[in-house]
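Note: the block below is upload-v7.csv and it holds CSV, C-alpha atoms.
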chain,number,residue,atom,x,y,z
A,1,MET,CA,0.0,0.0,0.0
A,2,SER,CA,1.5,3.3,-1.1
A,3,LYS,CA,1.5,6.3,1.2
A,4,ILE,CA,0.7,4.5,4.5
A,5,LYS,CA,2.6,6.6,7.1
A,6,PHE,CA,2.7,4.4,10.1
A,7,LYS,CA,5.5,1.9,10.9
A,8,GLY,CA,5.0,-1.7,11.7
A,9,ASP,CA,2.1,-4.0,10.9
A,10,HIS,CA,-0.8,-1.8,12.1
A,11,GLY,CA,-1.6,1.8,12.9
A,12,ILE,CA,-3.9,4.7,12.1
A,13,ILE,CA,-4.6,5.9,8.5
A,14,ARG,CA,-4.9,9.6,8.7
A,15,ASN,CA,-4.5,10.1,5.0
A,16,TYR,CA,-7.1,7.6,3.6
A,17,PHE,CA,-7.7,9.5,0.4
A,18,GLN,CA,-4.0,9.8,-0.4
A,19,VAL,CA,-3.6,6.0,0.2
A,20,ALA,CA,-6.7,5.1,-1.8
A,21,SER,CA,-5.9,7.3,-4.8
A,22,CYS,CA,-2.4,5.8,-5.2
A,23,SER,CA,-3.4,2.1,-5.2
A,24,HIS,CA,-6.4,-0.1,-4.7
A,25,PRO,CA,-8.6,1.3,-1.9
A,26,PRO,CA,-7.3,-0.1,1.4
A,27,ILE,CA,-10.7,-1.0,2.7
A,28,HIS,CA,-12.8,-3.9,1.2
A,29,SER,CA,-16.3,-4.6,2.3
A,30,SER,CA,-15.5,-8.3,2.8
A,31,ALA,CA,-12.6,-7.6,5.1
A,32,VAL,CA,-13.6,-4.9,7.5
A,33,ALA,CA,-15.0,-4.5,11.0
A,34,ILE,CA,-16.9,-1.4,11.8
A,35,LYS,CA,-19.3,-0.3,14.5
A,36,LYS,CA,-22.9,-0.2,13.6
A,37,GLU,CA,-23.2,3.4,14.9
A,38,ALA,CA,-20.5,4.5,12.4
A,39,ILE,CA,-22.4,3.0,9.4
A,40,GLU,CA,-25.6,4.5,10.6
A,41,SER,CA,-24.1,8.0,11.2
A,42,ILE,CA,-23.2,8.2,7.4
A,43,ASP,CA,-26.6,6.7,6.4
A,44,GLY,CA,-25.2,3.4,5.5
A,45,PHE,CA,-24.5,2.2,1.9
A,46,PRO,CA,-26.1,4.5,-0.6
A,47,ALA,CA,-29.3,3.3,-2.3
A,48,GLY,CA,-29.5,3.3,-6.0
A,49,VAL,CA,-25.8,3.1,-6.7
A,50,THR,CA,-24.9,0.1,-8.9
A,51,SER,CA,-21.1,0.6,-8.9
A,52,GLY,CA,-18.9,2.4,-6.4
A,53,GLU,CA,-21.2,2.2,-3.4
A,54,ASP,CA,-18.5,0.7,-1.3
A,55,LEU,CA,-15.9,3.3,-2.3
A,56,LEU,CA,-18.4,6.1,-1.4
A,57,THR,CA,-19.2,4.4,1.9
A,58,TRP,CA,-15.6,4.1,2.9
A,59,ALA,CA,-14.9,7.7,1.8
A,60,ARG,CA,-17.8,8.9,4.0
A,61,ILE,CA,-16.4,7.0,6.9
A,62,ALA,CA,-12.8,8.2,6.3
A,63,ALA,CA,-14.1,11.8,6.2
A,64,ALA,CA,-15.8,11.3,9.6
A,65,TYR,CA,-13.7,8.8,11.5
A,66,VAL,CA,-10.1,7.8,12.2
A,67,ILE,CA,-9.3,4.4,10.6
A,68,ALA,CA,-7.3,1.7,12.3
A,69,TYR,CA,-5.5,-0.5,9.8
A,70,SER,CA,-3.4,-3.6,9.6
A,71,VAL,CA,-1.1,-4.4,6.6
A,72,ILE,CA,-1.3,-8.1,7.5
A,73,PRO,CA,-3.6,-9.7,4.8
A,74,GLN,CA,-6.8,-11.1,6.4
A,75,SER,CA,-8.6,-12.2,3.2
A,76,VAL,CA,-7.8,-13.5,-0.3
A,77,PHE,CA,-9.6,-12.2,-3.4
A,78,ILE,CA,-10.1,-13.8,-6.7
A,79,GLN,CA,-10.2,-11.0,-9.2
A,80,ASP,CA,-12.7,-10.9,-12.0
A,81,PRO,CA,-10.7,-10.8,-15.3
A,82,ALA,CA,-12.5,-7.5,-16.2
A,83,HIS,CA,-11.1,-5.8,-13.1
A,84,ILE,CA,-7.5,-6.6,-14.1
A,85,TYR,CA,-7.9,-5.5,-17.7
A,86,ALA,CA,-7.7,-9.0,-19.1
A,87,ARG,CA,-11.3,-8.7,-20.4
A,88,LYS,CA,-13.7,-5.9,-21.3
A,89,PRO,CA,-15.6,-4.5,-18.3
A,90,ASN,CA,-18.9,-6.3,-17.5
A,91,ARG,CA,-20.7,-3.1,-16.4
A,92,ILE,CA,-21.2,0.4,-17.8
A,93,PRO,CA,-20.8,3.2,-15.3
A,94,GLN,CA,-24.1,4.8,-14.2
A,95,LYS,CA,-25.1,7.8,-16.3
A,96,LEU,CA,-26.0,9.7,-13.2
A,97,ASP,CA,-22.7,9.7,-11.3
A,98,ILE,CA,-24.0,9.6,-7.7
A,99,VAL,CA,-20.6,8.6,-6.4
A,100,GLY,CA,-18.7,11.4,-8.1
A,101,ARG,CA,-21.2,14.0,-7.0
A,102,SER,CA,-21.1,12.7,-3.4
A,103,LEU,CA,-17.3,12.7,-3.4
A,104,VAL,CA,-17.4,16.4,-4.5
A,105,THR,CA,-19.8,17.1,-1.6
A,106,ILE,CA,-17.4,15.4,0.8
A,107,ALA,CA,-14.6,17.6,-0.6
A,108,ARG,CA,-16.6,20.8,-0.2
A,109,THR,CA,-17.6,20.1,3.4
A,110,ASN,CA,-14.1,18.8,4.4
A,111,LYS,CA,-11.7,21.0,2.6
A,112,ARG,CA,-8.7,19.9,4.6
A,113,LEU,CA,-8.9,16.2,3.8
A,114,PRO,CA,-5.5,15.4,2.4
A,115,GLY,CA,-5.8,13.8,-1.0
A,116,ILE,CA,-9.5,14.2,-1.6
A,117,ARG,CA,-9.1,16.0,-4.9
A,118,LYS,CA,-6.7,13.2,-6.1
A,119,TYR,CA,-9.3,10.6,-4.9
A,120,ILE,CA,-12.0,12.3,-7.0
A,121,SER,CA,-9.7,12.3,-9.9
A,122,HIS,CA,-9.0,8.6,-9.3
A,123,TRP,CA,-12.8,7.9,-9.4
A,124,HIS,CA,-13.2,9.6,-12.7
A,125,LYS,CA,-10.1,7.8,-14.1
A,126,MET,CA,-11.7,4.5,-13.3
A,127,ARG,CA,-14.9,5.6,-15.1
A,128,SER,CA,-12.8,6.8,-18.1
A,129,SER,CA,-10.9,3.5,-18.2
A,130,ILE,CA,-14.2,1.5,-18.3
A,131,TYR,CA,-15.6,3.6,-21.0
A,132,LEU,CA,-12.4,3.5,-23.0
A,133,ARG,CA,-12.2,-0.3,-22.8
A,134,LEU,CA,-15.9,-0.5,-23.9
A,135,GLY,CA,-15.1,1.7,-26.9
A,136,MET,CA,-17.3,4.5,-25.6
A,137,LYS,CA,-14.8,7.2,-26.5
A,138,ARG,CA,-16.9,10.3,-26.0
A,139,GLU,CA,-17.8,9.2,-22.5
A,140,SER,CA,-14.2,8.3,-21.8
A,141,PHE,CA,-13.0,11.7,-23.0
A,142,ARG,CA,-15.5,13.5,-20.8
A,143,GLU,CA,-14.5,11.5,-17.7
A,144,SER,CA,-10.8,12.1,-18.5
A,145,ILE,CA,-11.4,15.9,-18.6
A,146,ILE,CA,-13.2,15.7,-15.2
A,147,SER,CA,-10.4,13.6,-13.8
A,148,LEU,CA,-7.7,16.1,-14.9
A,149,SER,CA,-9.7,19.0,-13.5
A,150,TYR,CA,-9.2,17.5,-10.0
A,151,TYR,CA,-5.6,16.3,-10.5
A,152,PRO,CA,-3.9,17.7,-13.7
A,153,LEU,CA,-0.7,15.6,-13.2
A,154,ASN,CA,-2.6,12.2,-13.6
A,155,PHE,CA,-0.3,10.8,-16.3
A,156,LYS,CA,-2.4,7.7,-16.7
A,157,VAL,CA,-5.4,9.8,-17.6
A,158,ILE,CA,-3.3,11.9,-20.0
A,159,SER,CA,-2.2,8.7,-21.8
A,160,TYR,CA,-5.9,7.9,-22.3
A,161,PHE,CA,-6.1,10.8,-24.8
A,162,PHE,CA,-3.5,8.9,-26.9
A,163,LEU,CA,-5.5,5.7,-26.6
A,164,LEU,CA,-8.7,7.5,-27.6
A,165,GLY,CA,-7.3,8.0,-31.1
A,166,LEU,CA,-6.6,4.3,-31.5
A,167,PRO,CA,-9.0,1.6,-32.8
A,168,ALA,CA,-10.9,-0.2,-30.0
A,169,SER,CA,-9.2,-3.5,-30.9
A,170,LEU,CA,-5.7,-2.0,-30.4
A,171,THR,CA,-6.8,-0.3,-27.2
A,172,SER,CA,-8.0,-3.7,-25.8
A,173,LYS,CA,-4.7,-5.3,-26.7
A,174,ILE,CA,-2.8,-2.6,-24.9
A,175,PHE,CA,-4.9,-3.0,-21.8
A,176,ARG,CA,-4.5,-6.8,-21.9
A,177,LYS,CA,-0.7,-6.4,-22.3
A,178,LEU,CA,-0.7,-4.1,-19.2
A,179,ALA,CA,-2.7,-6.7,-17.3
A,180,SER,CA,-0.1,-9.4,-18.0
A,181,ARG,CA,2.7,-7.4,-16.3

Represent the structure from my file as structure tokens, please.
Amino acid sequence: MSKIKFKGDHGIIRNYFQVASCSHPPIHSSAVAIKKEAIESIDGFPAGVTSGEDLLTWARIAAAYVIAYSVIPQSVFIQDPAHIYARKPNRIPQKLDIVGRSLVTIARTNKRLPGIRKYISHWHKMRSSIYLRLGMKRESFRESIISLSYYPLNFKVISYFFLLGLPASLTSKIFRKLASR
């Protein structure tokens, strides 16, 4: 995990958004313990969100609470090939970006959260990547622009502009090649 600032096997994550925007989010719904009151205080998992509801929930918790964390693996995941670029994504992002809008609300109400703008950029990068791999270039372009508006130095997103000019079959091959690394 990049950007974790404590020493040893466990500690407090005070920069959740910096950690989550540089790698996979450190919190997974299947490997977490949380008090019921904390979930209730942020109104639980958002209704009507088909993708990203867990990311939004953990972002809301990170904005309101201190997170204790252990780097010792407590679970094993079998990744869907679509999540590691080996196949095309199996879901299209929701047209109404509830997660993106909610993240902006978190940023506006918590201006001093380190890394929140980069995290919002990361969210839009994920959406752009999905659209790009599905051949939905206009949508990918739009999400890339939004991503860069929050973090202009996101070089992966900048590379998407090059990929947008390529045929979809070649873009898929490039993503598969990156997945095999």

Residues within 12 Å of range 46-58 of chain A, only C-alpha atoms, excluding chain neighbours under 6 positions, as a ChimeraX atom specification: /A:16-17,20-21,24-30,32-34,38-40,64-67,90-106,119-120,122-124,126-127,130

Polymer residues at most 8 Å from Thr171 in chain A, all atoms listed in the file, same-chain spacing of 5 or more positions, as a ChimeraX atom specification: /A:132-133,163,166

Computed interatomic separation between CA of Leu148 in chain A and CA of Phe175 in chain A (Å):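 Spanning CA of Leu148 in chain A to CA of Phe175 in chain A is a straight-line distance of 20.5 Å.
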
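We find CA of Glu143 in chain A and CA of Gly115 in chain A to be spaced 19.0 Å apart.
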
Spatial neighbours of Ile146 in chain A, 9 Å, only C-alpha atoms, chain gap at least 3 places, as a PyMOL selection string: chain A and resi 120-121+124-125+141-143+149-151

Distance in Å - CA of Lys88 in chain A versus CA of Ile116 in chain A: 28.5 Å

Any idea what's packed within 12 Å of Ser172 in chain A, counting only C-alpha atoms, ignoring anything in its chain fewer than 5 positions away? Could you give it as a compact mmCIF listing (two decimals) with C-alpha atoms, keeping the file's coordinate frame?
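Output (out.txt):
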# COMPACT_ATOMS: atom_id res chain seq x y z
CA ALA A 82 -12.50 -7.50 -16.20
CA TYR A 85 -7.90 -5.50 -17.70
CA ALA A 86 -7.70 -9.00 -19.10
CA ARG A 87 -11.30 -8.70 -20.40
CA LYS A 88 -13.70 -5.90 -21.30
CA PRO A 89 -15.60 -4.50 -18.30
CA SER A 129 -10.90 3.50 -18.20
CA ILE A 130 -14.20 1.50 -18.30
CA TYR A 131 -15.60 3.60 -21.00
CA LEU A 132 -12.40 3.50 -23.00
CA ARG A 133 -12.20 -0.30 -22.80
CA LEU A 134 -15.90 -0.50 -23.90
CA GLY A 135 -15.10 1.70 -26.90
CA LEU A 163 -5.50 5.70 -26.60
CA LEU A 164 -8.70 7.50 -27.60
CA LEU A 166 -6.60 4.30 -31.50
CA PRO A 167 -9.00 1.60 -32.80
CA LYS A 177 -0.70 -6.40 -22.30
CA LEU A 178 -0.70 -4.10 -19.20
CA ALA A 179 -2.70 -6.70 -17.30

Using only C-alpha atoms: which of A:Lys118, A:His10, A:Arg176, A:Lys156 has the shortest distance to Tyr69 in chain A: A:His10

Among listed residues A:Ser159, A:Asn154, A:Ser140, A:Asn110, nearest Cys22 in chain A (using all atoms listed in the file): A:Asn154

Could I see range 122-137 of chain A restored to N, CA and C atoms, set down as a PDB file, keeping the file's coordinate frame?
ATOM      1  N   HIS A 122      -9.162  10.041  -9.215  1.00  0.00           N
ATOM      2  CA  HIS A 122      -9.000   8.600  -9.300  1.00  0.00           C
ATOM      3  C   HIS A 122     -10.371   7.935  -9.701  1.00  0.00           C
ATOM      4  N   TRP A 123     -11.439   8.399  -9.074  1.00  0.00           N
ATOM      5  CA  TRP A 123     -12.800   7.900  -9.400  1.00  0.00           C
ATOM      6  C   TRP A 123     -13.112   8.104 -10.849  1.00  0.00           C
ATOM      7  N   HIS A 124     -12.869   9.297 -11.347  1.00  0.00           N
ATOM      8  CA  HIS A 124     -13.200   9.600 -12.700  1.00  0.00           C
ATOM      9  C   HIS A 124     -12.231   8.886 -13.702  1.00  0.00           C
ATOM     10  N   LYS A 125     -11.000   8.624 -13.265  1.00  0.00           N
ATOM     11  CA  LYS A 125     -10.100   7.800 -14.100  1.00  0.00           C
ATOM     12  C   LYS A 125     -10.624   6.407 -14.242  1.00  0.00           C
ATOM     13  N   MET A 126     -11.163   5.844 -13.163  1.00  0.00           N
ATOM     14  CA  MET A 126     -11.700   4.500 -13.300  1.00  0.00           C
ATOM     15  C   MET A 126     -12.907   4.483 -14.244  1.00  0.00           C
ATOM     16  N   ARG A 127     -13.767   5.481 -14.157  1.00  0.00           N
ATOM     17  CA  ARG A 127     -14.900   5.600 -15.100  1.00  0.00           C
ATOM     18  C   ARG A 127     -14.401   5.735 -16.529  1.00  0.00           C
ATOM     19  N   SER A 128     -13.397   6.580 -16.719  1.00  0.00           N
ATOM     20  CA  SER A 128     -12.800   6.800 -18.100  1.00  0.00           C
ATOM     21  C   SER A 128     -12.258   5.509 -18.619  1.00  0.00           C
ATOM     22  N   SER A 129     -11.546   4.768 -17.784  1.00  0.00           N
ATOM     23  CA  SER A 129     -10.900   3.500 -18.200  1.00  0.00           C
ATOM     24  C   SER A 129     -12.005   2.506 -18.661  1.00  0.00           C
ATOM     25  N   ILE A 130     -13.080   2.418 -17.915  1.00  0.00           N
ATOM     26  CA  ILE A 130     -14.200   1.500 -18.300  1.00  0.00           C
ATOM     27  C   ILE A 130     -14.748   1.889 -19.629  1.00  0.00           C
ATOM     28  N   TYR A 131     -15.074   3.157 -19.770  1.00  0.00           N
ATOM     29  CA  TYR A 131     -15.600   3.600 -21.000  1.00  0.00           C
ATOM     30  C   TYR A 131     -14.652   3.386 -22.190  1.00  0.00           C
ATOM     31  N   LEU A 132     -13.381   3.648 -21.961  1.00  0.00           N
ATOM     32  CA  LEU A 132     -12.400   3.500 -23.000  1.00  0.00           C
ATOM     33  C   LEU A 132     -12.308   1.999 -23.429  1.00  0.00           C
ATOM     34  N   ARG A 133     -12.308   1.090 -22.463  1.00  0.00           N
ATOM     35  CA  ARG A 133     -12.200  -0.300 -22.800  1.00  0.00           C
ATOM     36  C   ARG A 133     -13.495  -0.871 -23.429  1.00  0.00           C
ATOM     37  N   LEU A 134     -14.603  -0.151 -23.256  1.00  0.00           N
ATOM     38  CA  LEU A 134     -15.900  -0.500 -23.900  1.00  0.00           C
ATOM     39  C   LEU A 134     -16.025   0.135 -25.275  1.00  0.00           C
ATOM     40  N   GLY A 135     -15.045   0.955 -25.661  1.00  0.00           N
ATOM     41  CA  GLY A 135     -15.100   1.700 -26.900  1.00  0.00           C
ATOM     42  C   GLY A 135     -16.037   2.866 -26.926  1.00  0.00           C
ATOM     43  N   MET A 136     -16.403   3.326 -25.749  1.00  0.00           N
ATOM     44  CA  MET A 136     -17.300   4.500 -25.600  1.00  0.00           C
ATOM     45  C   MET A 136     -16.402   5.735 -25.439  1.00  0.00           C
ATOM     46  N   LYS A 137     -15.849   6.180 -26.559  1.00  0.00           N
ATOM     47  CA  LYS A 137     -14.800   7.200 -26.500  1.00  0.00           C
ATOM     48  C   LYS A 137     -15.273   8.558 -26.062  1.00  0.00           C
TER      49      LYS A 137
END
